[in-house]
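See below for my_file-v9.csv, which holds CSV, C-alpha atoms.
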chain,number,residue,atom,x,y,z
A,1,MET,CA,-17.7,-25.6,-26.4
A,2,ASN,CA,-21.1,-25.6,-24.7
A,3,GLU,CA,-20.0,-28.4,-22.4
A,4,THR,CA,-17.6,-26.3,-20.4
A,5,MET,CA,-20.2,-23.6,-20.0
A,6,GLU,CA,-22.6,-26.1,-18.7
A,7,LEU,CA,-20.1,-27.5,-16.3
A,8,LYS,CA,-19.2,-24.0,-15.0
A,9,ARG,CA,-22.8,-23.3,-14.4
A,10,ALA,CA,-23.2,-26.6,-12.5
A,11,ALA,CA,-20.1,-26.0,-10.5
A,12,ARG,CA,-21.3,-22.5,-9.5
A,13,ALA,CA,-24.7,-23.8,-8.5
A,14,ALA,CA,-23.0,-26.5,-6.4
A,15,THR,CA,-20.2,-24.5,-4.7
A,16,ALA,CA,-20.9,-20.8,-4.8
A,17,ALA,CA,-23.3,-20.5,-1.9
A,18,ASP,CA,-22.7,-17.5,0.3
A,19,LEU,CA,-19.7,-17.9,2.6
A,20,ASP,CA,-19.9,-16.2,5.9
A,21,THR,CA,-16.3,-15.0,6.1
A,22,ALA,CA,-16.9,-13.2,9.4
A,23,GLU,CA,-18.0,-16.4,11.0
A,24,LEU,CA,-15.1,-18.3,9.5
A,25,SER,CA,-12.7,-15.7,10.8
A,26,ALA,CA,-14.3,-15.7,14.3
A,27,ARG,CA,-14.1,-19.5,14.6
A,28,LEU,CA,-10.6,-19.6,13.2
A,29,ALA,CA,-9.4,-16.9,15.7
A,30,ALA,CA,-10.9,-18.9,18.6
A,31,ARG,CA,-9.2,-22.1,17.5
A,32,ALA,CA,-5.9,-20.2,16.9
A,33,GLU,CA,-6.1,-18.7,20.4
A,34,ASP,CA,-6.7,-22.2,21.9
A,35,GLU,CA,-3.7,-23.7,20.1
A,36,GLY,CA,-1.3,-20.8,20.8
A,37,LEU,CA,-1.1,-19.7,17.1
A,38,LEU,CA,-2.6,-16.3,17.6
A,39,ASP,CA,0.6,-14.2,17.8
A,40,VAL,CA,-1.1,-10.9,17.1
A,41,ALA,CA,-4.8,-10.1,17.5
A,42,TYR,CA,-6.6,-6.9,16.4
A,43,CYS,CA,-10.0,-5.4,16.4
A,44,GLU,CA,-11.6,-2.0,15.9
A,45,VAL,CA,-13.0,-0.1,18.8
A,46,ASP,CA,-15.5,2.7,18.4
A,47,SER,CA,-14.9,5.8,20.6
A,48,PRO,CA,-15.8,9.5,20.8
A,49,VAL,CA,-12.4,10.3,19.2
A,50,GLY,CA,-13.1,8.0,16.2
A,51,ARG,CA,-12.6,4.3,15.4
A,52,LEU,CA,-9.4,3.0,17.1
A,53,LEU,CA,-7.4,0.0,16.0
A,54,ALA,CA,-6.5,-2.1,19.1
A,55,VAL,CA,-3.7,-4.7,18.7
A,56,ALA,CA,-2.6,-7.2,21.3
A,57,THR,CA,0.0,-10.0,21.6
A,58,PRO,CA,-0.4,-12.7,24.3
A,59,LYS,CA,1.6,-10.3,26.5
A,60,GLY,CA,-0.8,-7.5,26.3
A,61,LEU,CA,-1.9,-4.4,24.4
A,62,VAL,CA,0.9,-3.5,21.9
A,63,GLN,CA,-0.6,-0.8,19.8
A,64,LEU,CA,-3.6,1.6,19.7
A,65,GLY,CA,-4.0,3.2,16.3
A,66,TYR,CA,-5.8,6.5,15.6
A,67,PRO,CA,-8.2,7.0,12.6
A,68,ASN,CA,-5.6,9.2,10.9
A,69,GLN,CA,-3.1,6.3,10.8
A,70,PRO,CA,-3.5,4.0,7.8
A,71,ARG,CA,-4.9,0.7,9.1
A,72,ASP,CA,-3.5,-1.7,6.5
A,73,ALA,CA,0.0,-0.2,6.6
A,74,MET,CA,0.0,-0.5,10.4
A,75,LEU,CA,-1.1,-4.2,10.3
A,76,GLU,CA,1.5,-4.9,7.6
A,77,ALA,CA,4.2,-3.3,9.8
A,78,LEU,CA,3.1,-5.4,12.8
A,79,ALA,CA,3.1,-8.6,10.7
A,80,ALA,CA,6.7,-7.8,9.7
A,81,ARG,CA,7.9,-6.7,13.1
A,82,ILE,CA,6.1,-9.2,15.4
A,83,SER,CA,4.6,-12.1,13.5
A,84,PRO,CA,2.5,-12.6,10.3
A,85,ARG,CA,0.2,-14.9,12.4
A,86,LEU,CA,-2.1,-11.9,12.8
A,87,LEU,CA,-5.9,-12.2,12.8
A,88,GLU,CA,-8.9,-10.1,13.6
A,89,ALA,CA,-9.8,-11.5,17.0
A,90,PRO,CA,-12.0,-9.2,19.1
A,91,ALA,CA,-12.2,-11.7,22.1
A,92,ARG,CA,-8.6,-11.0,23.2
A,93,LEU,CA,-9.3,-7.3,23.1
A,94,ASP,CA,-12.5,-7.5,25.3
A,95,PRO,CA,-10.8,-5.9,28.4
A,96,VAL,CA,-9.3,-3.2,26.3
A,97,ARG,CA,-12.6,-2.3,24.7
A,98,ARG,CA,-14.3,-2.4,28.1
A,99,GLU,CA,-11.8,-0.1,29.8
A,100,LEU,CA,-11.8,2.4,26.9
A,101,ASP,CA,-15.6,2.5,27.0
A,102,GLU,CA,-15.5,3.2,30.7
A,103,TYR,CA,-12.8,5.9,30.3
A,104,PHE,CA,-14.7,7.7,27.7
A,105,ALA,CA,-17.9,7.5,29.7
A,106,GLY,CA,-16.1,9.1,32.6
A,107,ARG,CA,-16.3,6.0,34.8
A,108,ARG,CA,-12.5,5.1,34.7
A,109,ARG,CA,-9.5,7.2,35.7
A,110,GLU,CA,-6.8,4.6,35.5
A,111,PHE,CA,-6.2,1.7,33.0
A,112,ASP,CA,-5.6,-1.7,34.4
A,113,LEU,CA,-4.3,-3.5,31.3
A,114,ASP,CA,-1.3,-5.7,30.5
A,115,LEU,CA,0.9,-3.8,28.1
A,116,ASP,CA,3.5,-5.2,25.6
A,117,TRP,CA,6.2,-2.6,25.3
A,118,ARG,CA,8.2,-4.2,22.5
A,119,LEU,CA,7.6,-1.5,19.9
A,120,THR,CA,9.8,0.9,21.8
A,121,GLU,CA,13.1,0.6,23.5
A,122,GLY,CA,15.8,2.5,25.4
A,123,PHE,CA,15.2,6.1,26.3
A,124,ARG,CA,11.9,6.2,24.4
A,125,ARG,CA,10.6,3.3,26.4
A,126,ARG,CA,11.7,4.9,29.7
A,127,VAL,CA,9.9,8.2,28.7
A,128,LEU,CA,6.7,6.2,27.9
A,129,ARG,CA,6.8,4.2,31.1
A,130,GLU,CA,7.1,7.4,33.1
A,131,THR,CA,4.3,8.9,31.1
A,132,ALA,CA,2.1,5.9,32.0
A,133,ARG,CA,2.4,7.0,35.7
A,134,ILE,CA,1.0,10.6,35.2
A,135,PRO,CA,-2.3,10.6,37.0
A,136,PHE,CA,-5.7,11.3,35.4
A,137,GLY,CA,-6.3,15.1,35.3
A,138,GLU,CA,-2.7,16.1,35.7
A,139,THR,CA,-0.1,17.3,33.2
A,140,ARG,CA,3.7,17.4,32.8
A,141,SER,CA,6.1,19.3,30.5
A,142,TYR,CA,8.3,17.6,27.9
A,143,MET,CA,11.3,18.8,30.1
A,144,GLU,CA,9.9,17.1,33.2
A,145,MET,CA,9.4,13.8,31.2
A,146,ALA,CA,13.0,14.0,29.9
A,147,ALA,CA,14.2,14.5,33.5
A,148,SER,CA,12.2,11.7,35.0
A,149,ALA,CA,13.5,9.4,32.2
A,150,GLY,CA,17.0,10.3,33.4
A,151,SER,CA,18.1,12.9,30.7
A,152,PRO,CA,17.0,16.3,31.8
A,153,ARG,CA,18.4,18.0,28.7
A,154,ALA,CA,16.8,15.6,26.2
A,155,HIS,CA,13.4,17.3,26.0
A,156,ARG,CA,13.4,17.1,22.2
A,157,ALA,CA,14.0,13.4,22.3
A,158,ALA,CA,11.3,13.0,24.9
A,159,GLY,CA,9.0,14.9,22.6
A,160,SER,CA,9.7,12.5,19.7
A,161,ALA,CA,9.3,9.5,22.0
A,162,LEU,CA,5.9,10.8,23.0
A,163,GLY,CA,5.0,11.5,19.3
A,164,ALA,CA,5.8,7.9,18.4
A,165,ASN,CA,3.9,6.5,21.4
A,166,PRO,CA,2.4,3.2,20.1
A,167,ILE,CA,-0.2,3.0,22.9
A,168,PRO,CA,-1.8,6.5,23.2
A,169,ILE,CA,-4.7,7.1,25.6
A,170,VAL,CA,-3.7,4.1,27.7
A,171,VAL,CA,-0.2,5.5,28.0
A,172,PRO,CA,-1.4,9.1,28.4
A,173,CYS,CA,1.0,11.2,26.3
A,174,HIS,CA,-1.8,13.7,25.9
A,175,ARG,CA,-1.0,14.7,29.5
A,176,VAL,CA,2.4,16.1,28.4
A,177,LEU,CA,2.3,19.8,27.3
A,178,ARG,CA,4.8,22.5,26.4
A,179,SER,CA,6.5,24.3,29.3
A,180,GLY,CA,4.4,27.4,28.8
A,181,GLY,CA,1.2,25.4,28.8
A,182,ALA,CA,0.7,25.3,25.0
A,183,LEU,CA,-0.7,22.0,23.9
A,184,GLY,CA,2.2,20.8,21.7
A,185,GLY,CA,1.7,18.1,19.1
A,186,TYR,CA,-0.2,14.9,19.1
A,187,GLY,CA,0.0,11.7,17.0
A,188,GLY,CA,-3.8,11.4,16.6
A,189,GLY,CA,-4.2,15.1,15.7
A,190,VAL,CA,-4.1,18.0,18.2
A,191,GLU,CA,-8.0,18.2,18.3
A,192,ILE,CA,-8.0,14.8,19.9
A,193,LYS,CA,-5.5,15.9,22.5
A,194,GLU,CA,-7.8,18.8,23.3
A,195,GLN,CA,-10.8,16.5,23.6
A,196,LEU,CA,-9.0,14.1,26.0
A,197,LEU,CA,-7.8,17.0,28.2
A,198,GLN,CA,-11.4,18.3,28.3
A,199,LEU,CA,-12.7,14.9,29.3
A,200,GLU,CA,-10.1,14.9,32.1
A,201,GLY,CA,-11.1,18.4,33.2
A,202,VAL,CA,-7.7,19.9,32.5
A,203,LEU,CA,-9.2,22.2,29.8
A,204,GLY,CA,-12.6,23.8,29.9
A,205,SER,CA,-15.0,22.7,27.3
B,1,MET,CA,36.7,-11.7,-3.2
B,2,ARG,CA,35.1,-10.0,-0.3
B,3,PHE,CA,36.6,-6.7,-1.3
B,4,LYS,CA,35.4,-7.1,-4.9
B,5,GLN,CA,31.9,-7.8,-3.7
B,6,ILE,CA,31.8,-4.6,-1.7
B,7,VAL,CA,33.2,-2.6,-4.6
B,8,SER,CA,31.1,-4.0,-7.4
B,9,GLY,CA,27.8,-4.5,-5.7
B,10,VAL,CA,25.6,-4.2,-2.7
B,11,ALA,CA,25.8,-7.0,-0.1
B,12,GLY,CA,22.6,-8.7,0.9
B,13,PRO,CA,22.1,-11.7,3.1
B,14,TYR,CA,22.3,-14.0,0.0
B,15,GLY,CA,25.0,-12.3,-1.9
B,16,ASP,CA,25.3,-9.3,-4.3
B,17,LEU,CA,22.1,-7.4,-4.7
B,18,THR,CA,23.1,-6.1,-8.1
B,19,ASN,CA,23.3,-9.7,-9.5
B,20,PRO,CA,19.8,-10.5,-10.7
B,21,ARG,CA,19.9,-14.1,-9.5
B,22,CYS,CA,20.9,-13.1,-6.0
B,23,ARG,CA,18.5,-10.2,-6.1
B,24,SER,CA,15.5,-12.4,-6.6
B,25,LEU,CA,16.6,-14.7,-3.8
B,26,ASN,CA,17.3,-11.8,-1.5
B,27,SER,CA,13.9,-10.2,-2.1
B,28,ARG,CA,12.1,-13.5,-1.7
B,29,MET,CA,13.9,-14.2,1.6
B,30,THR,CA,13.6,-10.8,3.1
B,31,GLN,CA,10.1,-9.9,1.9
B,32,ALA,CA,7.7,-9.9,4.9
B,33,LEU,CA,4.6,-12.0,4.7
B,34,PRO,CA,1.3,-10.0,4.9
B,35,PRO,CA,-1.0,-10.4,7.9
B,36,PHE,CA,-2.7,-13.8,7.8
B,37,GLN,CA,-6.1,-12.1,8.0
B,38,SER,CA,-5.6,-10.6,4.6
B,39,ILE,CA,-4.9,-14.1,3.2
B,40,VAL,CA,-8.2,-15.3,4.7
B,41,ASP,CA,-10.1,-12.4,3.4
B,42,ALA,CA,-8.7,-12.7,-0.1
B,43,HIS,CA,-8.9,-16.4,-0.6
B,44,ALA,CA,-11.6,-17.9,1.7
B,45,ARG,CA,-14.1,-18.0,-1.2
B,46,ALA,CA,-11.9,-19.9,-3.6
B,47,VAL,CA,-10.9,-22.4,-0.9
B,48,ALA,CA,-14.6,-22.9,0.1
B,49,ALA,CA,-15.6,-23.4,-3.5
B,50,PHE,CA,-12.9,-26.0,-4.0
B,51,LEU,CA,-13.8,-27.9,-0.8
B,52,ARG,CA,-17.6,-27.8,-1.5
B,53,GLY,CA,-16.8,-29.3,-4.9
B,54,MET,CA,-14.7,-32.0,-3.4
B,55,LEU,CA,-16.7,-32.9,-0.3
B,56,GLY,CA,-20.2,-31.4,-0.6
B,57,PRO,CA,-21.5,-28.5,1.5
B,58,GLU,CA,-21.6,-30.2,4.9
B,59,ASP,CA,-18.2,-31.7,5.2
B,60,ALA,CA,-16.7,-28.7,3.4
B,61,ASP,CA,-17.3,-26.4,6.4
B,62,ASP,CA,-15.1,-28.3,8.8
B,63,ALA,CA,-12.5,-28.9,6.2
B,64,LEU,CA,-12.4,-25.2,5.5
B,65,GLN,CA,-11.6,-24.5,9.2
B,66,GLU,CA,-9.0,-27.2,9.3
B,67,THR,CA,-7.4,-25.9,6.1
B,68,PHE,CA,-7.0,-22.3,7.4
B,69,LEU,CA,-5.8,-23.6,10.8
B,70,ALA,CA,-3.1,-25.8,9.2
B,71,ALA,CA,-2.2,-22.8,6.9
B,72,LEU,CA,-1.9,-20.5,10.0
B,73,ARG,CA,0.4,-23.1,11.6
B,74,ALA,CA,2.6,-23.3,8.6
B,75,TYR,CA,2.4,-19.7,7.6
B,76,PRO,CA,5.8,-18.4,9.0
B,77,ARG,CA,7.5,-21.0,6.7
B,78,PHE,CA,5.5,-20.1,3.6
B,79,ASP,CA,7.6,-18.4,0.8
B,80,GLY,CA,4.8,-15.9,0.0
B,81,ALA,CA,4.8,-16.7,-3.7
B,82,ASN,CA,1.2,-17.8,-4.6
B,83,PRO,CA,-1.0,-17.8,-1.5
B,84,ARG,CA,-4.1,-19.1,-3.4
B,85,ALA,CA,-2.3,-22.1,-4.8
B,86,TRP,CA,-0.6,-22.7,-1.4
B,87,LEU,CA,-3.9,-22.7,0.4
B,88,LEU,CA,-5.5,-25.0,-2.2
B,89,THR,CA,-2.6,-27.5,-1.8
B,90,ILE,CA,-3.4,-27.7,1.9
B,91,ALA,CA,-7.1,-27.9,1.2
B,92,ARG,CA,-6.6,-30.8,-1.3
B,93,ARG,CA,-4.7,-32.7,1.4
B,94,LYS,CA,-7.5,-32.0,3.9
B,95,ALA,CA,-10.1,-33.2,1.4
B,96,ILE,CA,-8.2,-36.4,0.9
B,97,ASP,CA,-8.0,-36.9,4.7
B,98,GLU,CA,-11.7,-36.2,5.0
B,99,HIS,CA,-12.4,-38.8,2.3
B,100,ARG,CA,-10.4,-41.4,4.0
B,101,SER,CA,-12.1,-40.9,7.4
B,102,ALA,CA,-15.5,-40.8,5.6
B,103,ALA,CA,-14.7,-44.1,4.0
B,104,ARG,CA,-14.2,-45.6,7.5
B,105,ARG,CA,-17.5,-44.3,8.7
B,106,PRO,CA,-20.6,-46.3,8.1
B,107,GLN,CA,-22.1,-45.1,4.8
B,108,ALA,CA,-25.3,-43.1,4.8
B,109,LEU,CA,-27.7,-44.1,2.1
B,110,ALA,CA,-27.9,-41.8,-0.9
B,111,GLU,CA,-30.9,-39.5,-0.6
B,112,PRO,CA,-33.5,-40.1,-3.4
B,113,ASP,CA,-33.3,-36.4,-4.2
B,114,ALA,CA,-29.6,-36.7,-5.1
B,115,VAL,CA,-30.4,-39.1,-8.0
B,116,ALA,CA,-31.1,-37.1,-11.1
B,117,ALA,CA,-34.7,-37.1,-12.0
B,118,PRO,CA,-35.6,-36.4,-15.6
B,119,GLY,CA,-36.7,-32.8,-15.9
B,120,GLY,CA,-35.5,-29.2,-16.0
B,121,ALA,CA,-32.1,-27.7,-16.5
B,122,GLU,CA,-31.5,-27.4,-12.7
B,123,GLN,CA,-31.8,-31.1,-12.2
B,124,ASP,CA,-29.5,-31.7,-15.2
B,125,ALA,CA,-26.9,-29.4,-13.5
B,126,ASP,CA,-27.3,-31.3,-10.2
B,127,GLY,CA,-26.9,-34.6,-12.0
B,128,LEU,CA,-23.9,-33.4,-13.8
B,129,TRP,CA,-22.3,-32.2,-10.6
B,130,ALA,CA,-23.1,-35.4,-8.8
B,131,ALA,CA,-21.2,-37.2,-11.6
B,132,VAL,CA,-18.2,-35.0,-10.9
B,133,GLY,CA,-18.3,-36.3,-7.3
B,134,GLU,CA,-17.9,-39.8,-8.6
B,135,LEU,CA,-14.7,-39.0,-10.6
B,136,PRO,CA,-11.4,-40.5,-9.2
B,137,PRO,CA,-9.8,-38.0,-6.8
B,138,LYS,CA,-7.2,-36.5,-9.1
B,139,GLN,CA,-9.6,-35.9,-12.0
B,140,ARG,CA,-12.2,-34.6,-9.6
B,141,ALA,CA,-9.7,-32.1,-8.0
B,142,ALA,CA,-8.6,-30.9,-11.4
B,143,VAL,CA,-12.2,-30.5,-12.7
B,144,VAL,CA,-13.3,-28.7,-9.5
B,145,LEU,CA,-10.2,-26.3,-9.6
B,146,ARG,CA,-10.9,-25.6,-13.3
B,147,PHE,CA,-14.7,-25.1,-13.2
B,148,ALA,CA,-15.6,-24.2,-9.6
B,149,VAL,CA,-12.5,-22.2,-8.6
B,150,ASP,CA,-11.9,-20.9,-12.2
B,151,LEU,CA,-8.2,-21.5,-12.2
B,152,ARG,CA,-5.9,-21.6,-15.2
B,153,TYR,CA,-3.9,-24.8,-15.8
B,154,ARG,CA,-0.7,-23.4,-14.5
B,155,GLU,CA,-2.2,-22.6,-11.1
B,156,ILE,CA,-4.0,-26.0,-11.1
B,157,GLY,CA,-0.6,-27.6,-11.5
B,158,LEU,CA,0.7,-25.5,-8.5
B,159,ALA,CA,-2.2,-26.5,-6.3
B,160,MET,CA,-1.9,-30.2,-7.3
B,161,ASP,CA,1.9,-30.4,-7.1
B,162,CYS,CA,2.1,-31.4,-10.8
B,163,SER,CA,3.1,-29.8,-14.1
B,164,GLU,CA,0.8,-27.6,-16.1
B,165,ALA,CA,0.6,-30.3,-18.8
B,166,ALA,CA,-0.3,-32.9,-16.2
B,167,ALA,CA,-3.0,-30.6,-14.8
B,168,ARG,CA,-4.4,-30.1,-18.3
B,169,ARG,CA,-4.4,-33.9,-18.8
B,170,SER,CA,-6.3,-34.5,-15.6
B,171,VAL,CA,-9.0,-32.0,-16.5
B,172,HIS,CA,-9.4,-33.5,-20.0
B,173,GLU,CA,-9.5,-37.1,-18.6
B,174,GLY,CA,-12.2,-35.9,-16.1
B,175,LEU,CA,-14.2,-34.4,-18.9
B,176,LYS,CA,-13.9,-37.5,-20.9
B,177,SER,CA,-15.2,-39.7,-18.1
B,178,LEU,CA,-18.1,-37.3,-17.5
B,179,ARG,CA,-19.1,-37.5,-21.1
B,180,THR,CA,-19.0,-41.3,-20.9
B,181,LYS,CA,-21.0,-41.3,-17.7
B,182,SER,CA,-23.5,-38.8,-18.9
B,183,GLU,CA,-24.2,-40.9,-22.0
B,184,ALA,CA,-24.9,-43.9,-19.8
B,185,ASN,CA,-27.1,-41.8,-17.5
B,186,GLY,CA,-29.0,-40.1,-20.2
B,187,LEU,CA,-27.5,-36.7,-19.4
B,188,GLU,CA,-26.3,-36.0,-23.0
B,189,GLU,CA,-28.4,-32.9,-23.0
B,190,ALA,CA,-26.4,-31.3,-20.2
B,191,LEU,CA,-23.1,-32.0,-21.8
B,192,ARG,CA,-23.8,-31.3,-25.4

Would you kindly transcribe this structure into structure tokens?
Amino acid sequence: MNETMELKRAARAATAADLDTAELSARLAARAEDEGLLDVAYCEVDSPVGRLLAVATPKGLVQLGYPNQPRDAMLEALAARISPRLLEAPARLDPVRRELDEYFAGRRREFDLDLDWRLTEGFRRRVLRETARIPFGETRSYMEMAASAGSPRAHRAAGSALGANPIPIVVPCHRVLRSGGALGGYGGGVEIKEQLLQLEGVLGS
Amino acid sequence: MRFKQIVSGVAGPYGDLTNPRCRSLNSRMTQALPPFQSIVDAHARAVAAFLRGMLGPEDADDALQETFLAALRAYPRFDGANPRAWLLTIARRKAIDEHRSAARRPQALAEPDAVAAPGGAEQDADGLWAAVGELPPKQRAAVVLRFAVDLRYREIGLAMDCSEAAARRSVHEGLKSLRTKSEANGLEEALR
């Protein structure tokens, strides 16, 4: 029937104006933050090692994802593990973005950010907390990290804790190398580890 | 009984996972909800079209915000089954609230432009849509869901908390009143 076609056309003309979904999301995120409904906020941060996915809870930075880690799968896992009230909300991540920019520009040697450690526990968390204390420009071995976390013989477990570091760069697992000085592995790809160590003057460029 | 369950099937939080009835309950209850952002990205357009159809472009903007904020609040309790229909149910309630508060506000005079002037197809379409705005709320919601959001009757029923048959009836009643109105207003051309 022509009638329904006509009605569809009229409906489209009256309702299908462009919707600015970015603006809708931004306003929604701001309201959600005000009302305590923003359990997990994320945004993308451009950096010399690629586009990073930064994720924060009200407690602090909980995850920093590398470009080689699939973004959607990471967000789905966070929705399942922390809360599905998860929105793109760059405002909460302003300090993270600022400090990362400063670090990559060579103007920052230490991060001063609140961290949410809930994605790791037990020995792994101890290893990562110790890793967070390694100063800019210095390195440690996997064995040393195992020892400082209280289990000198667990260097393999220390290696896998570092490989699963949810907050790389800020928790500087790139500063942990093999005992002989070989680079060892890196979650974001070993080229990035090399790049970060060059930035910190550990490796020549 | 307990022994039998362990031997014959796989235990889940809601009973034996090998029993199809329990299985659907188990998967429904344990399936994680996707990030709310993906719900916004996938369905904002449909919800906006519905609210524009119900309230007009200006009031629709605020109602859209309110809808997604209310949805975010309720999200952890959502069963995950049909996010679009779920959002439209919330949007429909927001549209009713908005109408009630608009009714309490002093009425603005209708702009002369809004009255259909005789002329081209565009004005006919405007006039036709203005007539949709005068339908009773249930018919209006059904017509907007059918023609602006492009839903099938089953989903219109879900969004309106009624059966598929009742949804179909509301759309048809809406069309009938539009036809009557258009004859009275000389809009037969648009509806023929």

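CA of Ala149 (chain A) is found 18.9 Å from CA of Asp116 (chain A).
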
Quick one: residues within 9 Å of Ala165 (chain B), all atoms listed in the file, excluding same-chain residues fewer than 4 positions away - as a PyMOL selection string?
chain B and resi 153-154+157+169-170

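Here CA of Met143 (chain A) and CA of Gln198 (chain A) stand 22.8 Å from one another.
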
Could you give me, as a PyMOL selection string, the residues within 7 Å of Phe36 (chain B), counting only C-alpha atoms and dropping anything in the same chain fewer than 5 positions from it?
chain A and resi 84-87

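Distances to Ser177 (chain B) were evaluated for B:Arg140, B:Arg146, B:His99, B:Arg104 using only C-alpha atoms, and the minimum falls at B:Arg140.
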
The distance between CA of Val176 (chain A) and CA of Leu113 (chain A) is 20.9 Å

Hey, what's within 10 Å of Gly181 (chain A) if we count only C-alpha atoms and toss same-chain stuff fewer than 6 positions away? As number ranges by chain, please?
A: 139-141

Across A:Ala30, A:Ala132, A:Leu75, A:Val127, the smallest distance to chain B, with only C-alpha atoms counted, is shown by A:Leu75

Kindly extract all protein, DNA and RNA residues lying within 6 Å of the coordinates (-3.6, 13.5, 34.5) given in the file, considering only C-alpha atoms, and supply them as a list in words.
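Selection result: Ile134, Pro135, Phe136, Gly137, Glu138, Thr139 and Arg175 of chain A.
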
Chain A contacts to chain B at 8 Å (only C-alpha atoms) as an NGL selection string:
:A and (2-4 or 6-16 or 19 or 21 or 24-25 or 27-28 or 31-32 or 37 or 75-76 or 79-80 or 83-88)

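Of the residues under consideration (A:Thr120, A:Gln195, A:Ser47, A:Ser151), A:Gln195 shows the shortest atom-to-atom contact distance to Leu183 (chain A) when counting all atoms listed in the file.
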
Residue with smallest distance to Leu100 (chain A) - pool A:Cys43, A:Leu177, A:Ile169, A:Ala164, counting all atoms listed in the file
A:Ile169

Point (10.8, 5.4, 36.2) neighbourhood (10 Å, all atoms listed in the file) written as an mmCIF file with C-alpha atoms, in the coordinates of the input:
data_model
loop_
_atom_site.group_PDB
_atom_site.id
_atom_site.type_symbol
_atom_site.label_atom_id
_atom_site.label_comp_id
_atom_site.auth_asym_id
_atom_site.auth_seq_id
_atom_site.Cartn_x
_atom_site.Cartn_y
_atom_site.Cartn_z
ATOM 1 C CA ARG A 126 11.700 4.900 29.700
ATOM 2 C CA VAL A 127 9.900 8.200 28.700
ATOM 3 C CA LEU A 128 6.700 6.200 27.900
ATOM 4 C CA ARG A 129 6.800 4.200 31.100
ATOM 5 C CA GLU A 130 7.100 7.400 33.100
ATOM 6 C CA THR A 131 4.300 8.900 31.100
ATOM 7 C CA ALA A 132 2.100 5.900 32.000
ATOM 8 C CA ARG A 133 2.400 7.000 35.700
ATOM 9 C CA MET A 145 9.400 13.800 31.200
ATOM 10 C CA SER A 148 12.200 11.700 35.000
ATOM 11 C CA ALA A 149 13.500 9.400 32.200
ATOM 12 C CA GLY A 150 17.000 10.300 33.400
#

Which neighbours of Ala54 (chain A) fall inside 8 Å, counting all atoms listed in the file, when residues of the same chain fewer than 3 positions from it are skipped, and could you give them as a PyMOL selection string?
chain A and resi 42-45+61+63-65+93+96
